[in-house]
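J.: Before I ask anything, let me first share the structure, which is written out below as structure tokens.
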Amino acid sequence: MKLGALEAGGTKMVCAIGDETGKIFEQVSIPTETPEITIPKLIDFFKEREVDALGIGCFGPVSLNKKASNYGSITSTPKLAWKDYNIVGAFADALHCPIGFDTDVNGSVLGEVTFGQAKGKNCVIYLTIGTGVGGGIYIDGKLLHGMVHPEAGHVLIRKRSDDQYEGKCPYHKTCLEGLAAGPAIEERWGKKAVELADKTEVWDLEADYIAQALMGYIVTLSPEMIILGGGVMHQEQLFPLIRTKVSELLGGYVEAKELEDMEHYIVPASLHDDQGIMGCLELARRALSEEE
Ligand code: ADP
Ligand code: ZN
């Protein structure tokens, strides 16, 4: 089985060829410009390699509802060249093969559940904390879409009284993304996040906000594992801080063996930054098996 995988991001497009076991044979990265410039390059890549199916994990928001007329489109993105662009339609017309489509973060959680540390689990959340904050949710074999798809980065956060920063989200100011994504850290402290590595107050506040969001996900979805990825989580000192704060916030209310072993409950991504692209291989495999 020759599967194509496309991790469509706001800054780069990662294309890979692989198989149903998650093995990647070839991988290239192409900068994200406008659809007119970028999409033909991507189509050429997959066409030349004659893939049996393609899986796309895409930056969003996207339309995932197969019954909607705009299925397969990127909807209200601030990247205006891509607004209302039907990415699935473009590949379907050119490749004539089954196409799996989901959000980038749903792709990542699928990669971790299919090929990584979350194998065998039924309810898993993958949260990326980078330029923005996004969450993918896997439940009982499926990726959660619901009405649109989860926007877990935009849960509201109780701001700490010693934090004077107003919040960066244009819609909600003090949601998790507004308070804790990379650009918020950098605007609040006036330095690149990576240059703040030794400032304990930065990561204590950051862990506070992330922990509040995780507490909310735990009591609503009851996940068996929470995986944290994205550029900000390269600050590994965040993990122990977040685990302690989540335990404090839960206050012993939820009783579960997973919560007694926080080191294996709130964890970094396990697939060497390939969780997204590997998840796209699985999206392709699923699309192929649905058509058979
Ligand atoms: P994207 O979200 O655009 O896919 P990343 O996940 O790499 O990309 O996130 C980029 C953000 O992560 C930047 O805003 C930057 O502040 C932050 N970041 C990147 N590397 C680090 C690091 N080593 N430590 C802390 N923050 C980082
Ligand atoms: Zn928001």
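Each chain of the structure tokens is named A, B, ... in the order shown, its residues numbered from 1; ligands are numbered from 1 in display order.
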DSSP on the backbone: what in segment 96-210 of chain A comes out strand (DSSP E or B), as a compact mmCIF listing (two decimals) with N, CA and C atoms, in the first residue's frame?

T.:
# COMPACT_ATOMS: atom_id res chain seq x y z
N ILE A 99 -9.32 10.37 -0.23
CA ILE A 99 -8.61 11.39 0.54
C ILE A 99 -9.20 11.48 1.94
N GLY A 100 -8.34 11.27 2.93
CA GLY A 100 -8.75 11.44 4.33
C GLY A 100 -8.40 12.86 4.74
N PHE A 101 -9.26 13.45 5.55
CA PHE A 101 -9.05 14.86 5.88
C PHE A 101 -9.43 15.11 7.33
N ASP A 102 -8.57 15.82 8.04
CA ASP A 102 -8.91 16.20 9.41
C ASP A 102 -8.05 17.39 9.83
N THR A 103 -8.23 17.83 11.06
CA THR A 103 -7.38 18.92 11.54
C THR A 103 -5.96 18.39 11.78
N CYS A 123 -9.41 6.96 24.83
CA CYS A 123 -9.72 8.39 24.87
C CYS A 123 -8.42 9.15 25.15
N VAL A 124 -7.97 9.89 24.16
CA VAL A 124 -6.67 10.56 24.26
C VAL A 124 -6.79 11.98 23.72
N ILE A 125 -6.11 12.90 24.37
CA ILE A 125 -6.05 14.29 23.89
C ILE A 125 -4.61 14.62 23.51
N TYR A 126 -4.46 15.29 22.38
CA TYR A 126 -3.16 15.81 21.98
C TYR A 126 -3.30 17.33 21.91
N LEU A 127 -2.48 18.02 22.67
CA LEU A 127 -2.55 19.48 22.68
C LEU A 127 -1.22 20.03 22.16
N THR A 128 -1.29 20.90 21.17
CA THR A 128 -0.05 21.55 20.72
C THR A 128 -0.04 22.98 21.23
N ILE A 129 1.10 23.37 21.79
CA ILE A 129 1.25 24.74 22.28
C ILE A 129 2.43 25.34 21.52
N VAL A 133 -2.65 27.46 20.00
CA VAL A 133 -2.87 26.26 20.81
C VAL A 133 -4.03 25.50 20.17
N GLY A 134 -3.84 24.22 19.94
CA GLY A 134 -4.90 23.41 19.33
C GLY A 134 -4.96 22.05 19.99
N GLY A 135 -6.13 21.45 19.95
CA GLY A 135 -6.28 20.14 20.59
C GLY A 135 -6.95 19.15 19.66
N GLY A 136 -6.39 17.96 19.58
CA GLY A 136 -7.01 16.86 18.85
C GLY A 136 -7.53 15.85 19.86
N ILE A 137 -8.68 15.28 19.58
CA ILE A 137 -9.30 14.37 20.55
C ILE A 137 -9.72 13.08 19.86
N TYR A 138 -9.23 11.96 20.42
CA TYR A 138 -9.54 10.63 19.89
C TYR A 138 -10.44 9.93 20.89
N ILE A 139 -11.57 9.44 20.40
CA ILE A 139 -12.50 8.75 21.29
C ILE A 139 -13.03 7.48 20.62
N LYS A 142 -12.39 6.88 16.95
CA LYS A 142 -12.68 7.99 16.03
C LYS A 142 -12.05 9.29 16.51
N LEU A 143 -11.89 10.19 15.58
CA LEU A 143 -11.46 11.54 15.92
C LEU A 143 -12.70 12.37 16.15
N LEU A 156 -11.53 29.26 28.18
CA LEU A 156 -11.21 30.44 28.99
C LEU A 156 -10.40 30.05 30.21
N CYS A 169 -5.50 36.66 22.26
CA CYS A 169 -6.49 36.14 21.30
C CYS A 169 -7.43 37.26 20.85
N LYS A 173 -9.32 37.23 24.11
CA LYS A 173 -8.23 37.75 24.95
C LYS A 173 -7.61 36.67 25.83
N CYS A 175 -8.16 33.47 26.64
CA CYS A 175 -8.29 32.01 26.52
C CYS A 175 -6.88 31.43 26.65

J.: At most 12 Å is the cut-off: for each residue in segment 25-108 of chain A with any atom that close to an atom of segment 229-236 of chain A, write down the nearest atom pair and the distance in Å rounded to one decimal, counting only C-alpha atoms, chain first then increasing number, as a tab-separated table.

T.:
residue	atom	partner	partner_atom	distance
A:Asp104	CA	A:Gly230	CA	11.8
A:Val105	CA	A:Gly229	CA	9.7
A:Ser108	CA	A:Gly229	CA	9.3

J.: Name all residues at most 10 Å from Pro31 of chain A (count only C-alpha atoms; drop same-chain ones fewer than 5 positions away) and give them as a list in words.

T.: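 That gives Ala8, Gly9, Gly10, Thr11, Lys12, Met13, Val14, Ile37 and Thr38 of chain A.
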
J.: Please dump the current selection as an mmCIF file, in the first residue's frame; keep C-alpha atoms.

T.:
data_model
loop_
_atom_site.group_PDB
_atom_site.id
_atom_site.type_symbol
_atom_site.label_atom_id
_atom_site.label_comp_id
_atom_site.auth_asym_id
_atom_site.auth_seq_id
_atom_site.Cartn_x
_atom_site.Cartn_y
_atom_site.Cartn_z
ATOM 1 C CA ALA A 8 -0.601 21.266 5.905
ATOM 2 C CA GLY A 9 0.682 24.017 8.186
ATOM 3 C CA GLY A 10 0.545 27.787 8.056
ATOM 4 C CA THR A 11 4.297 28.069 7.451
ATOM 5 C CA LYS A 12 5.193 24.785 5.788
ATOM 6 C CA MET A 13 3.686 21.812 4.037
ATOM 7 C CA VAL A 14 5.207 18.474 4.966
ATOM 8 C CA ILE A 37 1.857 28.685 -5.868
ATOM 9 C CA THR A 38 1.947 25.878 -3.328
#

J.: May I have the residues within 9 Å of Glu7 of chain A as a CSV table (one decimal) with N, CA and C atoms, in the first residue's frame, using only C-alpha atoms and disregarding those fewer than 2 positions away in the same chain?

T.:
chain,number,residue,atom,x,y,z
A,5,ALA,N,0.9,11.4,2.6
A,5,ALA,CA,0.5,12.1,3.8
A,5,ALA,C,0.9,13.6,3.6
A,9,GLY,N,0.5,23.0,7.1
A,9,GLY,CA,0.7,24.0,8.2
A,9,GLY,C,0.7,25.4,7.6
A,12,LYS,N,4.6,25.8,6.7
A,12,LYS,CA,5.2,24.8,5.8
A,12,LYS,C,4.2,23.6,5.6
A,13,MET,N,4.5,23.0,4.4
A,13,MET,CA,3.7,21.8,4.0
A,13,MET,C,4.6,20.6,4.1
A,14,VAL,N,4.4,19.7,4.9
A,14,VAL,CA,5.2,18.5,5.0
A,14,VAL,C,4.5,17.4,4.2
A,15,CYS,N,5.2,16.8,3.2
A,15,CYS,CA,4.6,15.8,2.3
A,15,CYS,C,5.5,14.5,2.6
A,16,ALA,N,4.8,13.4,2.7
A,16,ALA,CA,5.5,12.1,2.9
A,16,ALA,C,4.8,11.0,2.1
A,55,GLY,N,-3.8,11.3,2.9
A,55,GLY,CA,-4.3,11.8,4.2
A,55,GLY,C,-3.8,13.2,4.4
A,56,ILE,N,-4.7,14.1,4.8
A,56,ILE,CA,-4.3,15.5,5.0
A,56,ILE,C,-4.7,15.9,6.4
A,57,GLY,N,-3.8,16.4,7.1
A,57,GLY,CA,-4.0,17.0,8.4
A,57,GLY,C,-3.7,18.5,8.3
A,58,CYS,N,-4.7,19.3,8.5
A,58,CYS,CA,-4.7,20.7,8.0
A,58,CYS,C,-4.8,21.7,9.1
A,59,PHE,N,-4.1,22.8,9.0
A,59,PHE,CA,-4.4,24.0,9.9
A,59,PHE,C,-5.8,24.4,9.7
A,104,ASP,N,-5.0,19.3,11.8
A,104,ASP,CA,-3.6,18.9,12.1
A,104,ASP,C,-3.5,18.2,13.4
A,107,GLY,N,-4.8,14.8,13.4
A,107,GLY,CA,-3.8,14.0,12.8
A,107,GLY,C,-2.8,13.5,13.8
A,276,GLY,N,2.4,13.9,13.6
A,276,GLY,CA,1.4,14.5,12.7
A,276,GLY,C,1.4,13.8,11.3
A,277,ILE,N,2.6,13.6,10.7
A,277,ILE,CA,2.7,13.1,9.4
A,277,ILE,C,2.3,11.6,9.4
A,280,CYS,N,-1.3,11.3,9.4
A,280,CYS,CA,-1.9,11.5,8.1
A,280,CYS,C,-1.8,10.2,7.2

J.: Could you give me, as number ranges by chain, the residues within 8 Å of Ile157 of chain A, counting only C-alpha atoms and dropping anything in the same chain fewer than 2 positions from it?

T.: A: 155, 159, 174-176, 209, 212-213

J.: Take atom CA of Met278 of chain A and atom CA of Val113 of chain A and report the distance between them in Å, one decimal.

T.: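 Rounded to one decimal, the two atoms are 10.3 Å apart.
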
J.: Write out as a PyMOL selection string the set of residues from segment 93-211 of chain A that DSSP, computed on the backbone, places in alpha helix (DSSP H).

T.: chain A and resi 93-95+104-115+176-180+182-189+200-211

J.: Looking at only C-alpha atoms and all ligand atoms, which of A:Ala181, A:Leu42, A:Leu144, A:Ile266 is the one that sits closest to ligand 2?

T.: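 Among A:Ala181, A:Leu42, A:Leu144, A:Ile266, it is A:Ala181 that comes nearest to ligand 2.
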
J.: Dump the neighbourhood of ligand 2 as a CSV table (one decimal) with all heavy atoms, in the first residue's frame: all residues within 6 Å, distances computed on only C-alpha atoms and all ligand atoms.

T.:
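Result went into result08.csv, see below:
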chain,number,residue,atom,x,y,z
A,154,HIS,N,-9.0,27.3,22.9
A,154,HIS,CA,-9.7,28.6,23.2
A,154,HIS,C,-10.6,28.5,24.5
A,154,HIS,O,-11.5,29.3,24.7
A,154,HIS,CB,-10.5,29.0,22.0
A,154,HIS,CG,-9.6,29.5,20.9
A,154,HIS,ND1,-9.2,30.8,20.7
A,154,HIS,CD2,-9.0,28.7,19.9
A,154,HIS,CE1,-8.4,30.8,19.7
A,154,HIS,NE2,-8.3,29.6,19.2
A,169,CYS,N,-5.5,36.7,22.3
A,169,CYS,CA,-6.5,36.1,21.3
A,169,CYS,C,-7.4,37.3,20.8
A,169,CYS,O,-8.0,37.9,21.7
A,169,CYS,CB,-7.3,35.0,21.9
A,169,CYS,SG,-8.6,34.4,20.8
A,171,TYR,N,-10.3,37.1,19.6
A,171,TYR,CA,-11.7,36.7,19.9
A,171,TYR,C,-12.0,36.8,21.4
A,171,TYR,O,-13.0,37.2,21.8
A,171,TYR,CB,-12.0,35.4,19.4
A,171,TYR,CG,-12.0,35.3,17.9
A,171,TYR,CD1,-10.8,34.9,17.2
A,171,TYR,CD2,-13.0,35.6,17.1
A,171,TYR,CE1,-10.7,34.8,15.8
A,171,TYR,CE2,-13.0,35.6,15.7
A,171,TYR,CZ,-11.8,35.2,15.1
A,171,TYR,OH,-11.7,35.1,13.7
A,172,HIS,N,-11.1,36.2,22.2
A,172,HIS,CA,-11.4,36.0,23.7
A,172,HIS,C,-10.3,36.6,24.6
A,172,HIS,O,-10.5,36.5,25.8
A,172,HIS,CB,-11.5,34.5,24.0
A,172,HIS,CG,-12.0,33.7,22.9
A,172,HIS,ND1,-11.3,32.9,22.1
A,172,HIS,CD2,-13.3,33.7,22.4
A,172,HIS,CE1,-12.1,32.3,21.2
A,172,HIS,NE2,-13.3,32.8,21.3
A,175,CYS,N,-8.2,33.5,26.6
A,175,CYS,CA,-8.3,32.0,26.5
A,175,CYS,C,-6.9,31.4,26.6
A,175,CYS,O,-5.9,32.2,26.8
A,175,CYS,CB,-8.9,31.6,25.2
A,175,CYS,SG,-8.0,32.2,23.8
A,177,GLU,N,-5.0,30.0,24.4
A,177,GLU,CA,-4.1,30.5,23.4
A,177,GLU,C,-3.7,32.0,23.6
A,177,GLU,O,-2.5,32.3,23.4
A,177,GLU,CB,-4.8,30.4,22.0
A,177,GLU,CG,-4.0,30.9,20.8
A,177,GLU,CD,-4.5,30.6,19.5
A,177,GLU,OE1,-4.8,29.4,19.2
A,177,GLU,OE2,-4.8,31.5,18.7
A,178,GLY,N,-4.6,32.8,24.0
A,178,GLY,CA,-4.3,34.2,24.3
A,178,GLY,C,-3.3,34.4,25.4
A,178,GLY,O,-2.6,35.4,25.4

J.: Just give me the gap between atom CA of Gln164 of chain A and atom 3 (O, counted along the ligand's line) of ligand 1 in Å, one decimal is fine.

T.: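 Taking atom CA of Gln164 of chain A as the start and atom 3 (O, counted along the ligand's line) of ligand 1 as the end point, the length is 25.2 Å.
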
J.: Restricting the calculation to only C-alpha atoms: of A:Lys47, A:Leu283, A:Val267, A:Ala207, which residue gets closest to Val246 of chain A?

T.: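 Of all the options, A:Ala207 lies closest to Val246 of chain A.
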
J.: Find, counting only C-alpha atoms and all ligand atoms, the residue in A:Gly251, A:Gly130, A:Gly279, A:Pro223 that gets nearest to ligand 1.

T.: A:Gly130

J.: List as number ranges by chain the protein and nucleic acid residues near Trp82 of chain A, meaning an atom at most 7 Å away when only C-alpha atoms are counted, but skip any in the same chain fewer than 4 places from it.

T.: A: 34-35, 74

J.: Store the residues picked out above in a file with N, CA and C atoms, as an mmCIF file, in the first residue's frame.

T.:
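And here's result_22.cif as it stands now:
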data_model
loop_
_atom_site.group_PDB
_atom_site.id
_atom_site.type_symbol
_atom_site.label_atom_id
_atom_site.label_comp_id
_atom_site.auth_asym_id
_atom_site.auth_seq_id
_atom_site.Cartn_x
_atom_site.Cartn_y
_atom_site.Cartn_z
ATOM 1 N N THR A 34 0.897 31.011 -1.360
ATOM 2 C CA THR A 34 -0.538 31.047 -1.666
ATOM 3 C C THR A 34 -0.938 29.689 -2.250
ATOM 4 N N PRO A 35 -2.236 29.364 -2.262
ATOM 5 C CA PRO A 35 -2.650 28.096 -2.872
ATOM 6 C C PRO A 35 -2.197 27.995 -4.329
ATOM 7 N N ILE A 74 -10.668 25.022 4.042
ATOM 8 C CA ILE A 74 -10.158 25.786 5.174
ATOM 9 C C ILE A 74 -11.141 26.958 5.300
#

J.: What's the 12 Å shell around Glu20 of chain A, counting only C-alpha atoms, without same-chain residues fewer than 5 positions away, as a PyMOL selection string?

T.: chain A and resi 1-5+25+52-55+111+114-115+278-289

J.: Check the smallest atom-to-atom distance from each of A:Leu205, A:Val109, A:Thr21, A:His264 to Arg158 of chain A using only C-alpha atoms, then report the winner.

T.: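 Closest to Arg158 of chain A of all the choices is A:Leu205.
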
J.: Go through A:Glu258, A:Asp208, A:Glu36, A:Glu187 one by one, measure the shortest atom-to-atom distance of each to ligand 1 using only C-alpha atoms and all ligand atoms, and give the residue with the smallest value.

T.: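 Checking each of A:Glu258, A:Asp208, A:Glu36, A:Glu187 against ligand 1, counting only C-alpha atoms and all ligand atoms, the winner is A:Glu187.
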
J.: Give me, please, the distance in Å between atom CA of Asn86 of chain A and atom CA of Gly72 of chain A, quoted to one decimal.

T.: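 Between these atoms lies a distance of 5.4 Å.
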
J.: Considering only C-alpha atoms, state which residue in the set A:Ala90, A:Ile227, A:Ala81, A:Ala184 is at the smallest distance from Leu271 of chain A.

T.: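 Looking only at the distances to Leu271 of chain A, the closest residue turns out to be A:Ile227.
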